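Okay, run30.csv now, which holds CSV, C-alpha atoms:
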```csv
chain,number,residue,atom,x,y,z
A,1,MET,CA,-65.6,-46.9,-24.1
A,2,ASN,CA,-65.3,-49.7,-26.6
A,3,LEU,CA,-65.2,-47.9,-30.0
A,4,GLY,CA,-65.3,-51.1,-31.9
A,5,LYS,CA,-68.8,-52.0,-30.5
A,6,MET,CA,-71.6,-51.1,-32.8
A,7,ALA,CA,-74.8,-49.5,-31.5
A,8,ALA,CA,-76.8,-52.0,-33.5
A,9,ASP,CA,-76.2,-54.5,-36.2
A,10,LYS,CA,-72.8,-55.3,-35.0
A,11,GLY,CA,-70.2,-55.5,-37.7
A,12,LYS,CA,-72.3,-53.7,-40.3
A,13,LEU,CA,-71.6,-50.4,-41.8
A,14,ALA,CA,-75.0,-49.0,-41.1
A,15,GLY,CA,-74.5,-49.8,-37.5
A,16,ARG,CA,-71.2,-47.9,-37.7
A,17,MET,CA,-73.0,-44.8,-39.0
A,18,ARG,CA,-75.5,-45.1,-36.2
A,19,TRP,CA,-72.6,-45.2,-33.7
A,20,TRP,CA,-71.1,-42.0,-35.2
A,21,HIS,CA,-74.6,-40.4,-34.9
A,22,GLN,CA,-74.7,-41.2,-31.2
A,23,PHE,CA,-71.1,-40.2,-30.7
A,24,LEU,CA,-71.7,-36.7,-32.2
A,25,SER,CA,-75.3,-36.2,-31.1
A,26,PRO,CA,-76.0,-33.5,-28.4
A,27,ASP,CA,-79.0,-35.6,-27.3
A,28,ARG,CA,-79.3,-36.0,-23.5
A,29,ARG,CA,-80.3,-39.6,-24.0
A,30,SER,CA,-76.9,-40.5,-25.6
A,31,HIS,CA,-74.2,-42.3,-23.6
A,32,ILE,CA,-72.8,-40.2,-20.8
A,33,LEU,CA,-69.2,-40.5,-22.0
A,34,HIS,CA,-70.3,-39.3,-25.5
A,35,ARG,CA,-71.9,-36.2,-23.8
A,36,VAL,CA,-68.7,-35.6,-21.9
A,37,LEU,CA,-66.6,-35.8,-25.0
A,38,ARG,CA,-69.0,-33.5,-26.9
A,39,HIS,CA,-68.6,-30.8,-24.2
A,40,LEU,CA,-64.8,-31.2,-24.4
A,41,ARG,CA,-64.4,-31.1,-28.2
A,42,GLY,CA,-67.0,-28.4,-29.2
A,43,THR,CA,-69.0,-26.1,-27.0
A,44,LYS,CA,-68.9,-22.3,-26.5
A,45,VAL,CA,-66.9,-22.8,-23.4
A,46,SER,CA,-64.2,-24.8,-25.2
A,47,VAL,CA,-64.1,-22.2,-28.0
A,48,ALA,CA,-63.7,-19.4,-25.4
A,49,LEU,CA,-60.9,-21.3,-23.7
A,50,SER,CA,-59.1,-21.8,-27.0
A,51,LEU,CA,-59.4,-18.2,-27.9
A,52,VAL,CA,-57.8,-17.1,-24.6
A,53,ALA,CA,-55.1,-19.7,-25.1
A,54,LEU,CA,-54.5,-18.4,-28.6
A,55,PHE,CA,-54.0,-14.8,-27.5
A,56,THR,CA,-52.0,-15.7,-24.4
A,57,THR,CA,-49.5,-17.8,-26.4
A,58,LEU,CA,-49.3,-15.3,-29.2
A,59,GLY,CA,-48.5,-12.6,-26.7
A,60,ASP,CA,-45.7,-14.7,-25.1
A,61,ALA,CA,-44.3,-15.5,-28.6
A,62,LEU,CA,-44.3,-11.9,-29.8
A,63,LEU,CA,-42.6,-10.7,-26.6
A,64,SER,CA,-39.9,-13.4,-26.6
A,65,GLU,CA,-36.3,-12.3,-26.8
A,66,SER,CA,-35.4,-14.8,-29.6
A,67,LEU,CA,-37.0,-16.8,-32.4
A,68,ALA,CA,-35.9,-20.1,-30.7
A,69,GLU,CA,-37.7,-19.0,-27.5
A,70,ALA,CA,-40.8,-18.1,-29.4
A,71,GLN,CA,-41.1,-21.3,-31.5
A,72,PHE,CA,-43.1,-23.3,-29.0
A,73,GLY,CA,-45.6,-20.5,-28.5
A,74,LEU,CA,-46.0,-20.0,-32.3
A,75,ARG,CA,-46.5,-23.7,-32.9
A,76,TYR,CA,-49.1,-23.9,-30.1
A,77,ALA,CA,-50.9,-20.8,-31.4
A,78,GLN,CA,-51.0,-22.3,-34.9
A,79,ALA,CA,-52.4,-25.6,-33.6
A,80,VAL,CA,-55.2,-23.7,-31.8
A,81,LEU,CA,-55.9,-21.7,-34.9
A,82,ALA,CA,-56.2,-24.9,-36.9
A,83,THR,CA,-58.8,-26.3,-34.6
A,84,LEU,CA,-61.0,-23.3,-33.7
A,85,PRO,CA,-63.3,-23.7,-36.8
A,86,LEU,CA,-63.7,-27.4,-36.0
A,87,GLN,CA,-64.8,-26.6,-32.4
A,88,TRP,CA,-67.2,-24.0,-33.8
A,89,LEU,CA,-68.6,-26.5,-36.2
A,90,PHE,CA,-69.2,-29.0,-33.4
A,91,ALA,CA,-70.6,-26.3,-31.2
A,92,GLY,CA,-73.0,-24.6,-33.6
A,93,ARG,CA,-73.5,-26.7,-36.7
A,94,VAL,CA,-73.4,-30.3,-35.5
A,95,ASP,CA,-77.1,-30.7,-36.6
A,96,VAL,CA,-76.0,-30.3,-40.2
A,97,LEU,CA,-73.4,-33.0,-39.8
A,98,LEU,CA,-76.0,-35.3,-38.2
A,99,ASP,CA,-78.5,-34.7,-41.0
A,100,ASN,CA,-76.1,-35.8,-43.7
A,101,LEU,CA,-74.9,-38.7,-41.5
A,102,GLN,CA,-78.5,-39.8,-41.1
A,103,ARG,CA,-79.0,-39.8,-44.9
A,104,LEU,CA,-75.8,-41.8,-45.4
A,105,GLU,CA,-76.9,-44.3,-42.7
A,106,GLU,CA,-80.2,-44.9,-44.4
A,107,VAL,CA,-78.6,-45.4,-47.8
A,108,THR,CA,-76.0,-47.8,-46.4
A,109,ALA,CA,-78.7,-49.9,-44.6
A,110,ARG,CA,-80.7,-50.1,-47.9
A,111,VAL,CA,-77.6,-51.2,-49.9
A,112,GLU,CA,-76.7,-53.8,-47.2
A,113,ARG,CA,-80.2,-55.3,-47.4
A,114,ILE,CA,-80.2,-55.9,-51.2
A,115,ALA,CA,-76.5,-56.3,-52.0
A,116,GLY,CA,-74.8,-59.6,-52.7
A,117,HIS,CA,-72.7,-61.6,-50.3
A,118,GLU,CA,-69.4,-60.3,-51.5
A,119,THR,CA,-70.5,-56.7,-51.2
A,120,LYS,CA,-71.8,-57.2,-47.7
A,121,GLU,CA,-68.5,-58.8,-46.6
A,122,ARG,CA,-66.6,-55.8,-48.0
A,123,LEU,CA,-68.9,-53.3,-46.2
A,124,ASP,CA,-68.5,-55.3,-43.0
A,125,ARG,CA,-64.7,-55.2,-43.4
A,126,LEU,CA,-64.9,-51.4,-43.8
A,127,ALA,CA,-67.0,-51.1,-40.6
A,128,ARG,CA,-64.4,-53.0,-38.6
A,129,TRP,CA,-61.6,-51.0,-40.1
A,130,ASP,CA,-63.4,-47.8,-39.3
A,131,ALA,CA,-63.7,-48.8,-35.7
A,132,HIS,CA,-60.0,-49.5,-35.5
A,133,ARG,CA,-59.1,-46.3,-37.3
A,134,THR,CA,-61.2,-44.2,-34.9
A,135,GLN,CA,-59.5,-45.9,-31.9
A,136,LEU,CA,-56.1,-45.2,-33.5
A,137,TYR,CA,-56.8,-41.5,-34.0
A,138,LEU,CA,-58.2,-41.0,-30.5
A,139,VAL,CA,-55.1,-42.6,-29.2
A,140,CYS,CA,-53.0,-40.2,-31.3
A,141,SER,CA,-55.1,-37.4,-29.8
A,142,THR,CA,-54.3,-38.5,-26.3
A,143,LEU,CA,-50.6,-38.8,-27.0
A,144,VAL,CA,-50.5,-35.3,-28.5
A,145,GLN,CA,-52.4,-34.0,-25.5
A,146,LEU,CA,-49.9,-35.6,-23.1
A,147,THR,CA,-46.8,-34.3,-24.9
A,148,VAL,CA,-48.2,-30.8,-25.1
A,149,LEU,CA,-49.2,-30.8,-21.4
A,150,TYR,CA,-45.8,-32.1,-20.4
A,151,ASP,CA,-44.0,-29.3,-22.3
A,152,LEU,CA,-46.5,-26.7,-20.9
A,153,ALA,CA,-45.7,-27.9,-17.4
A,154,MET,CA,-42.0,-27.8,-17.9
A,155,SER,CA,-41.9,-24.4,-19.7
A,156,GLU,CA,-41.6,-21.0,-17.9
A,157,TRP,CA,-43.4,-18.8,-20.5
A,158,LYS,CA,-47.0,-19.3,-19.5
A,159,GLY,CA,-48.7,-15.9,-19.4
A,160,ARG,CA,-45.5,-14.1,-18.8
A,161,TRP,CA,-46.7,-10.8,-20.2
A,162,LEU,CA,-49.9,-11.0,-18.3
A,163,ALA,CA,-47.9,-11.7,-15.1
A,164,ASP,CA,-45.9,-8.6,-15.7
A,165,ALA,CA,-49.0,-6.5,-16.4
A,166,ALA,CA,-50.6,-7.8,-13.2
A,167,ALA,CA,-47.5,-7.0,-11.2
A,168,THR,CA,-47.6,-3.5,-12.5
A,169,LEU,CA,-51.2,-3.0,-11.6
A,170,LEU,CA,-51.2,-4.7,-8.2
A,171,GLY,CA,-47.7,-3.7,-7.0
A,172,PHE,CA,-46.7,-7.3,-6.2
A,173,ARG,CA,-46.0,-10.5,-8.1
A,174,VAL,CA,-48.6,-13.2,-8.6
A,175,ASP,CA,-46.5,-15.4,-10.9
A,176,VAL,CA,-47.1,-18.7,-9.2
A,177,TRP,CA,-50.9,-18.3,-9.1
A,178,LEU,CA,-51.1,-17.1,-12.7
A,179,SER,CA,-48.8,-19.9,-13.9
A,180,ARG,CA,-51.0,-22.6,-12.3
A,181,THR,CA,-54.1,-20.9,-13.6
A,182,PHE,CA,-52.8,-20.7,-17.2
A,183,LEU,CA,-51.5,-24.2,-17.0
A,184,PHE,CA,-55.0,-25.5,-16.2
A,185,MET,CA,-56.6,-23.3,-18.8
A,186,LEU,CA,-54.1,-24.3,-21.5
A,187,GLY,CA,-54.5,-27.9,-20.5
A,188,CYS,CA,-58.3,-27.7,-21.1
A,189,ALA,CA,-57.8,-25.8,-24.3
A,190,THR,CA,-55.3,-28.4,-25.5
A,191,TYR,CA,-57.7,-31.3,-24.8
A,192,ALA,CA,-60.5,-29.5,-26.7
A,193,CYS,CA,-58.3,-28.7,-29.7
A,194,CYS,CA,-56.8,-32.2,-30.0
A,195,LEU,CA,-60.2,-34.0,-29.5
A,196,ALA,CA,-62.0,-31.7,-32.1
A,197,TYR,CA,-59.2,-32.1,-34.7
A,198,TYR,CA,-58.8,-35.9,-34.5
A,199,THR,CA,-62.6,-36.5,-34.3
A,200,MET,CA,-63.2,-34.4,-37.4
A,201,LEU,CA,-60.3,-36.2,-39.2
A,202,SER,CA,-61.7,-39.6,-38.4
A,203,PHE,CA,-65.2,-38.5,-39.3
A,204,ILE,CA,-64.1,-37.2,-42.7
A,205,LEU,CA,-62.3,-40.4,-43.5
A,206,THR,CA,-65.4,-42.4,-42.4
A,207,GLN,CA,-67.7,-40.5,-44.6
A,208,SER,CA,-65.4,-40.6,-47.6
A,209,SER,CA,-64.6,-44.4,-47.3
A,210,THR,CA,-68.3,-45.2,-46.9
A,211,THR,CA,-69.4,-43.1,-49.9
A,212,MET,CA,-66.6,-44.7,-51.9
A,213,GLU,CA,-67.8,-48.3,-51.0
A,214,LEU,CA,-71.4,-47.4,-51.8
A,215,HIS,CA,-70.4,-46.2,-55.2
A,216,VAL,CA,-68.5,-49.5,-55.8
A,217,ALA,CA,-71.5,-51.5,-54.6
A,218,ILE,CA,-73.9,-49.7,-56.9
A,219,GLY,CA,-71.4,-50.0,-59.8
A,220,GLN,CA,-71.1,-53.7,-59.4
A,221,ALA,CA,-74.9,-54.1,-59.2
A,222,VAL,CA,-75.5,-52.3,-62.6
A,223,GLN,CA,-72.5,-54.2,-64.2
A,224,THR,CA,-73.7,-57.7,-63.3
A,225,GLY,CA,-77.5,-57.1,-63.5
A,226,PRO,CA,-80.1,-55.0,-65.3
A,227,CYS,CA,-80.5,-51.3,-64.4
A,228,SER,CA,-83.5,-50.7,-62.1
A,229,ARG,CA,-85.2,-47.8,-60.5
A,230,ARG,CA,-84.1,-49.0,-57.1
A,231,TRP,CA,-80.4,-48.6,-57.9
A,232,ALA,CA,-81.0,-45.3,-59.5
A,233,LEU,CA,-82.7,-44.0,-56.4
A,234,LEU,CA,-79.9,-45.3,-54.3
A,235,GLN,CA,-77.3,-43.6,-56.4
A,236,GLY,CA,-79.2,-40.3,-56.1
A,237,SER,CA,-79.4,-40.7,-52.3
A,238,VAL,CA,-75.6,-41.3,-52.2
A,239,PHE,CA,-75.0,-38.3,-54.3
A,240,GLU,CA,-77.2,-36.1,-52.1
A,241,ALA,CA,-75.5,-37.3,-48.9
A,242,ALA,CA,-72.0,-36.9,-50.4
A,243,LEU,CA,-72.8,-33.4,-51.7
A,244,GLY,CA,-74.0,-32.3,-48.3
A,245,ALA,CA,-70.9,-33.7,-46.6
A,246,GLU,CA,-68.7,-32.0,-49.2
A,247,ALA,CA,-70.3,-28.6,-48.4
A,248,ASP,CA,-70.0,-29.1,-44.6
A,249,ILE,CA,-66.3,-29.7,-44.6
A,250,ALA,CA,-65.2,-27.4,-47.5
A,251,TYR,CA,-64.5,-24.4,-45.2
A,252,VAL,CA,-62.8,-26.4,-42.4
A,253,LEU,CA,-60.4,-28.4,-44.5
A,254,PRO,CA,-58.1,-25.4,-45.2
A,255,PHE,CA,-57.7,-24.9,-41.4
A,256,MET,CA,-57.0,-28.6,-41.0
A,257,MET,CA,-54.1,-28.3,-43.4
A,258,PHE,CA,-52.4,-26.2,-40.8
A,259,GLY,CA,-52.3,-29.2,-38.6
A,260,ALA,CA,-51.6,-31.7,-41.4
A,261,ILE,CA,-48.9,-29.7,-43.3
A,262,ILE,CA,-47.6,-26.5,-41.7
A,263,MET,CA,-47.3,-27.9,-38.2
A,264,PRO,CA,-45.3,-31.0,-39.3
A,265,LEU,CA,-43.1,-28.7,-41.4
A,266,LEU,CA,-42.1,-26.5,-38.4
A,267,SER,CA,-41.9,-29.5,-36.1
A,268,THR,CA,-39.6,-31.4,-38.5
A,269,VAL,CA,-37.3,-28.5,-38.7
A,270,GLU,CA,-37.3,-28.2,-34.9
A,271,VAL,CA,-36.4,-31.9,-34.6
A,272,LEU,CA,-33.6,-31.8,-37.1
A,273,LEU,CA,-32.0,-28.7,-35.7
A,274,LYS,CA,-32.3,-29.3,-32.0
A,275,ARG,CA,-32.1,-33.1,-31.9
A,276,GLU,CA,-31.3,-33.9,-28.2
A,277,ASP,CA,-32.9,-30.6,-27.0
A,278,VAL,CA,-36.1,-31.0,-29.0
A,279,ASP,CA,-39.5,-30.8,-27.1
A,280,TRP,CA,-42.0,-33.6,-27.1
A,281,PHE,CA,-44.6,-31.4,-28.9
A,282,ALA,CA,-42.4,-31.3,-32.0
A,283,LEU,CA,-41.8,-35.0,-31.8
A,284,ALA,CA,-45.5,-35.7,-31.7
A,285,LEU,CA,-46.4,-33.5,-34.6
A,286,ALA,CA,-43.5,-34.1,-37.0
A,287,PRO,CA,-45.0,-37.3,-38.5
A,288,ALA,CA,-48.5,-35.8,-38.9
A,289,ILE,CA,-48.1,-35.3,-42.6
A,290,PHE,CA,-47.9,-39.1,-43.0
A,291,THR,CA,-50.7,-39.9,-40.5
A,292,GLU,CA,-53.1,-37.2,-41.4
A,293,PHE,CA,-52.5,-35.5,-44.8
A,294,ILE,CA,-51.7,-38.6,-46.8
A,295,PRO,CA,-54.8,-40.5,-45.6
A,296,LEU,CA,-57.0,-37.5,-46.6
A,297,CYS,CA,-55.4,-37.5,-50.1
A,298,GLU,CA,-56.0,-41.2,-50.4
A,299,ALA,CA,-59.6,-40.8,-49.4
A,300,GLY,CA,-60.1,-38.0,-51.9
A,301,ASP,CA,-58.5,-40.0,-54.7
A,302,GLY,CA,-60.7,-43.0,-53.8
A,303,LEU,CA,-63.8,-40.9,-54.0
A,304,ALA,CA,-63.0,-39.7,-57.5
A,305,GLU,CA,-62.1,-43.1,-58.7
A,306,ALA,CA,-65.2,-44.7,-57.3
A,307,ARG,CA,-67.5,-42.2,-58.9
A,308,LEU,CA,-65.7,-42.7,-62.3
A,309,GLY,CA,-66.0,-46.4,-61.7
A,310,ILE,CA,-69.8,-46.2,-61.9
A,311,THR,CA,-69.4,-45.0,-65.5
A,312,THR,CA,-67.1,-47.9,-66.4
A,313,CYS,CA,-69.3,-50.5,-64.6
A,314,ALA,CA,-72.5,-49.2,-66.4
A,315,TYR,CA,-70.7,-49.3,-69.7
A,316,HIS,CA,-69.8,-53.0,-69.3
A,317,GLY,CA,-73.3,-54.0,-68.2
A,318,PRO,CA,-75.7,-56.3,-70.0
A,319,TRP,CA,-77.0,-53.8,-72.6
A,320,LEU,CA,-78.4,-56.3,-75.0
A,321,SER,CA,-80.7,-58.0,-72.5
A,322,GLU,CA,-82.3,-54.7,-71.4
A,323,HIS,CA,-85.3,-52.8,-72.8
A,324,THR,CA,-85.3,-49.2,-73.9
A,325,VAL,CA,-86.1,-47.6,-70.5
A,326,GLN,CA,-83.3,-49.6,-68.8
A,327,ARG,CA,-80.8,-48.6,-71.4
A,328,ARG,CA,-81.7,-44.9,-71.0
A,329,MET,CA,-81.3,-45.4,-67.3
A,330,ARG,CA,-77.9,-47.0,-67.9
A,331,LEU,CA,-76.9,-43.9,-69.9
A,332,CYS,CA,-77.9,-41.8,-66.9
A,333,PHE,CA,-75.6,-43.8,-64.7
A,334,MET,CA,-72.8,-43.3,-67.1
A,335,GLN,CA,-73.4,-39.5,-67.2
A,336,ALA,CA,-73.7,-39.3,-63.4
A,337,GLY,CA,-70.2,-40.8,-63.0
A,338,GLU,CA,-68.7,-37.7,-64.7
A,339,GLY,CA,-68.3,-34.3,-63.2
A,340,ARG,CA,-66.1,-32.5,-60.7
A,341,ALA,CA,-68.4,-32.7,-57.7
A,342,LEU,CA,-68.3,-35.4,-54.9
A,343,ARG,CA,-64.6,-34.9,-54.2
A,344,LEU,CA,-62.7,-34.2,-51.1
A,345,ARG,CA,-61.8,-30.5,-51.5
A,346,GLY,CA,-61.7,-27.3,-49.5
A,347,GLN,CA,-62.1,-23.6,-50.3
A,348,GLY,CA,-58.8,-22.2,-51.5
A,349,ILE,CA,-56.8,-25.5,-51.4
A,350,GLY,CA,-58.4,-27.4,-54.3
A,351,THR,CA,-59.0,-31.2,-54.4
A,352,LEU,CA,-57.1,-33.6,-52.2
A,353,ASN,CA,-55.9,-36.5,-54.3
A,354,ARG,CA,-52.7,-38.4,-55.1
A,355,PHE,CA,-51.5,-35.7,-57.4
A,356,ALA,CA,-52.0,-33.1,-54.8
A,357,CYS,CA,-50.3,-35.4,-52.3
A,358,LYS,CA,-47.2,-35.9,-54.5
A,359,GLU,CA,-46.8,-32.2,-55.2
A,360,THR,CA,-47.3,-31.2,-51.5
A,361,ILE,CA,-44.8,-33.8,-50.3
A,362,ARG,CA,-42.2,-32.6,-52.9
A,363,SER,CA,-42.7,-29.0,-51.8
A,364,TRP,CA,-42.8,-29.9,-48.2
A,365,PHE,CA,-39.3,-31.5,-48.3
A,366,SER,CA,-38.0,-28.5,-50.3
A,367,PHE,CA,-39.3,-26.1,-47.6
A,368,VAL,CA,-37.8,-28.2,-44.9
A,369,GLN,CA,-34.4,-28.0,-46.5
A,370,ILE,CA,-34.8,-24.2,-47.0
A,371,LEU,CA,-35.8,-23.6,-43.4
A,372,ILE,CA,-32.9,-25.8,-42.1
A,373,ASN,CA,-30.4,-23.8,-44.2
A,374,ILE,CA,-31.9,-20.5,-43.0
A,375,GLN,CA,-31.8,-21.4,-39.3
A,376,ALA,CA,-28.4,-23.1,-39.6
```
Please re-express this file's structure in structure tokens.
Amino acid sequence: MNLGKMAADKGKLAGRMRWWHQFLSPDRRSHILHRVLRHLRGTKVSVALSLVALFTTLGDALLSESLAEAQFGLRYAQAVLATLPLQWLFAGRVDVLLDNLQRLEEVTARVERIAGHETKERLDRLARWDAHRTQLYLVCSTLVQLTVLYDLAMSEWKGRWLADAAATLLGFRVDVWLSRTFLFMLGCATYACCLAYYTMLSFILTQSSTTMELHVAIGQAVQTGPCSRRWALLQGSVFEAALGAEADIAYVLPFMMFGAIIMPLLSTVEVLLKREDVDWFALALAPAIFTEFIPLCEAGDGLAEARLGITTCAYHGPWLSEHTVQRRMRLCFMQAGEGRALRLRGQGIGTLNRFACKETIRSWFSFVQILINIQA
């Protein structure tokens, strides 16, 4: 699958939105590979497999003889827990995501039709960058899957407590059969978890960067020309789509922070303490705070700045050449740029921006040092 190829209007941001719509859509007429990936990243079957994997690994971790022996199972269980809400969202509420994406695509197409040459070039660059970023995150997903599967194949803890229970009930050991069964099941669950997580991460960054660029395009239009009803309607449509996207991801972002902050924290401690004996799972997740959390904070900060930028652009516009109705409309643009909505935030974690990133990184390194001292 060539993720850089647009479904239509190649190289344009509206075409990129259309590609995402086809990629996430459960429509039977969509590309066969899109349908396969949809079944892997978010269906009731993948949710059930992930739940079984969660309880299996938790049971092994709780019955382990030492903390070092239980660490892999605990990290795996936390990773599954971080992705279960995402799989459920893809399985049961993907229509809501597609509705907001459809609105964003329509607004983007309208802005591209009437915007200037410089704005169109910037939107085209964003479309190309989004295609490369999606490819990058899907490659990261594949790498994490391979490292986890390798560690699962090399480990000896798969369903150990269930094997003991089965031996007690049956009167003979079935360890080999159960081990292979759980390896296959955990492999499927791992693929579903990684694909759901990195797809949602890339999707959030796509929506945020697109909304930000649309704010910038509208702001430049009202700064260099007179306010018009057309730009006011476009701004209202952008706000509507952005508010819908904010509501959709507000309750899944806290769970994603497990994968973007907690998992890298534990994996970094594992890498620093074990060094030569560290597993590949820890090596793959240790840099996640830089590849996942920081881009989310940058996207959230850009959203807030772009919305405030509309106020600044409207203020520096051609007031003197406008009539009364246009001036009132310009005041509405300035007021619409204020407020606390249209930001990247989740329930219970606040807003993701540069300040949150700085404080989290500082606390993150402090916790790493504390955990190293405790385990040393």
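Proximity ranking of A:Asp151, A:Leu273, A:Leu303, A:Thr312 relative to Thr190 in chain A places A:Asp151 first, based on all atoms listed in the file.
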Original post:
Distance CA of His215 in chain A-CA of Gly348 in chain A, one decimal place?
Top reply: 26.9 Å
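Going from CA of Cys297 in chain A to CA of Leu54 in chain A covers 28.8 Å.
Of the listed residues A:Ser25, A:Ala336, A:Asn100, A:Ser321, the one whose atoms come nearest to Ala242 in chain A is A:Asn100, with distances taken using only C-alpha atoms.
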Original post:
A:Ala284, A:Met263, A:Arg128, A:Gln87: which is nearest Gly42 in chain A, counting all atoms listed in the file?
Top reply: A:Gln87
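For the residues A:Val325, A:Ile262, A:Leu296, A:Val278, ranking by smallest atom-to-atom distance to Ser363 in chain A using only C-alpha atoms places A:Ile262 first.
Of the residues under consideration (A:Glu240, A:Glu246, A:Asp277, A:Glu298), A:Glu240 shows the shortest atom-to-atom contact distance to Arg103 in chain A when counting only C-alpha atoms.
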Neighbour residues at most 6 Å from (-44.8, -37.7, -24.6) (all atoms listed in the file) as a PDB file with C-alpha atoms, in the frame of the given file:
```pdb
ATOM      1  CA  LEU A 146     -49.900 -35.600 -23.100  1.00  0.00           C
ATOM      2  CA  THR A 147     -46.800 -34.300 -24.900  1.00  0.00           C
ATOM      3  CA  TRP A 280     -42.000 -33.600 -27.100  1.00  0.00           C
TER       4      TRP A 280
END
```
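If you measure from each of A:Ala250, A:Ala196, A:Leu266, A:Met17 to Ser141 in chain A using all atoms listed in the file, the closest one turns out to be A:Ala196.
Those residues that approach range 12-15 of chain A to within 10 Å, counting all atoms listed in the file, are A:Lys5, A:Met6, A:His21, A:Gln102, A:Leu104, A:Glu105, A:Glu106, A:Val107, A:Thr108, A:Ala109, A:Arg110, A:Val111, A:Glu112, A:Lys120, A:Glu121, A:Arg122, A:Leu123, A:Asp124, A:Arg125, A:Leu126, A:Ala127, A:Arg128, A:Asp130, A:Thr210; same-chain residues fewer than 6 positions away are not listed.
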Mind writing the picked residues with C-alpha atoms as a PDB file, in the coordinates of the input?
```
ATOM      1  CA  LYS A   5     -68.800 -52.000 -30.500  1.00  0.00           C
ATOM      2  CA  MET A   6     -71.600 -51.100 -32.800  1.00  0.00           C
ATOM      3  CA  HIS A  21     -74.600 -40.400 -34.900  1.00  0.00           C
ATOM      4  CA  GLN A 102     -78.500 -39.800 -41.100  1.00  0.00           C
ATOM      5  CA  LEU A 104     -75.800 -41.800 -45.400  1.00  0.00           C
ATOM      6  CA  GLU A 105     -76.900 -44.300 -42.700  1.00  0.00           C
ATOM      7  CA  GLU A 106     -80.200 -44.900 -44.400  1.00  0.00           C
ATOM      8  CA  VAL A 107     -78.600 -45.400 -47.800  1.00  0.00           C
ATOM      9  CA  THR A 108     -76.000 -47.800 -46.400  1.00  0.00           C
ATOM     10  CA  ALA A 109     -78.700 -49.900 -44.600  1.00  0.00           C
ATOM     11  CA  ARG A 110     -80.700 -50.100 -47.900  1.00  0.00           C
ATOM     12  CA  VAL A 111     -77.600 -51.200 -49.900  1.00  0.00           C
ATOM     13  CA  GLU A 112     -76.700 -53.800 -47.200  1.00  0.00           C
ATOM     14  CA  LYS A 120     -71.800 -57.200 -47.700  1.00  0.00           C
ATOM     15  CA  GLU A 121     -68.500 -58.800 -46.600  1.00  0.00           C
ATOM     16  CA  ARG A 122     -66.600 -55.800 -48.000  1.00  0.00           C
ATOM     17  CA  LEU A 123     -68.900 -53.300 -46.200  1.00  0.00           C
ATOM     18  CA  ASP A 124     -68.500 -55.300 -43.000  1.00  0.00           C
ATOM     19  CA  ARG A 125     -64.700 -55.200 -43.400  1.00  0.00           C
ATOM     20  CA  LEU A 126     -64.900 -51.400 -43.800  1.00  0.00           C
ATOM     21  CA  ALA A 127     -67.000 -51.100 -40.600  1.00  0.00           C
ATOM     22  CA  ARG A 128     -64.400 -53.000 -38.600  1.00  0.00           C
ATOM     23  CA  ASP A 130     -63.400 -47.800 -39.300  1.00  0.00           C
ATOM     24  CA  THR A 210     -68.300 -45.200 -46.900  1.00  0.00           C
TER      25      THR A 210
END
```
Original post:
Quick one, how far is CA of Ala306 in chain A from CA of Arg330 in chain A?
Top reply: 16.7 Å
**OP:** List every protein, DNA or RNA residue that has an atom no more than 12 Å from (-60.0, -28.6, -44.9) in the file's coordinate frame, counting only C-alpha atoms, and report them as a ChimeraX atom specification.
**Re:** /A:82-83,85-86,197,200-201,204,246-261,292-293,296-297,300,344-352
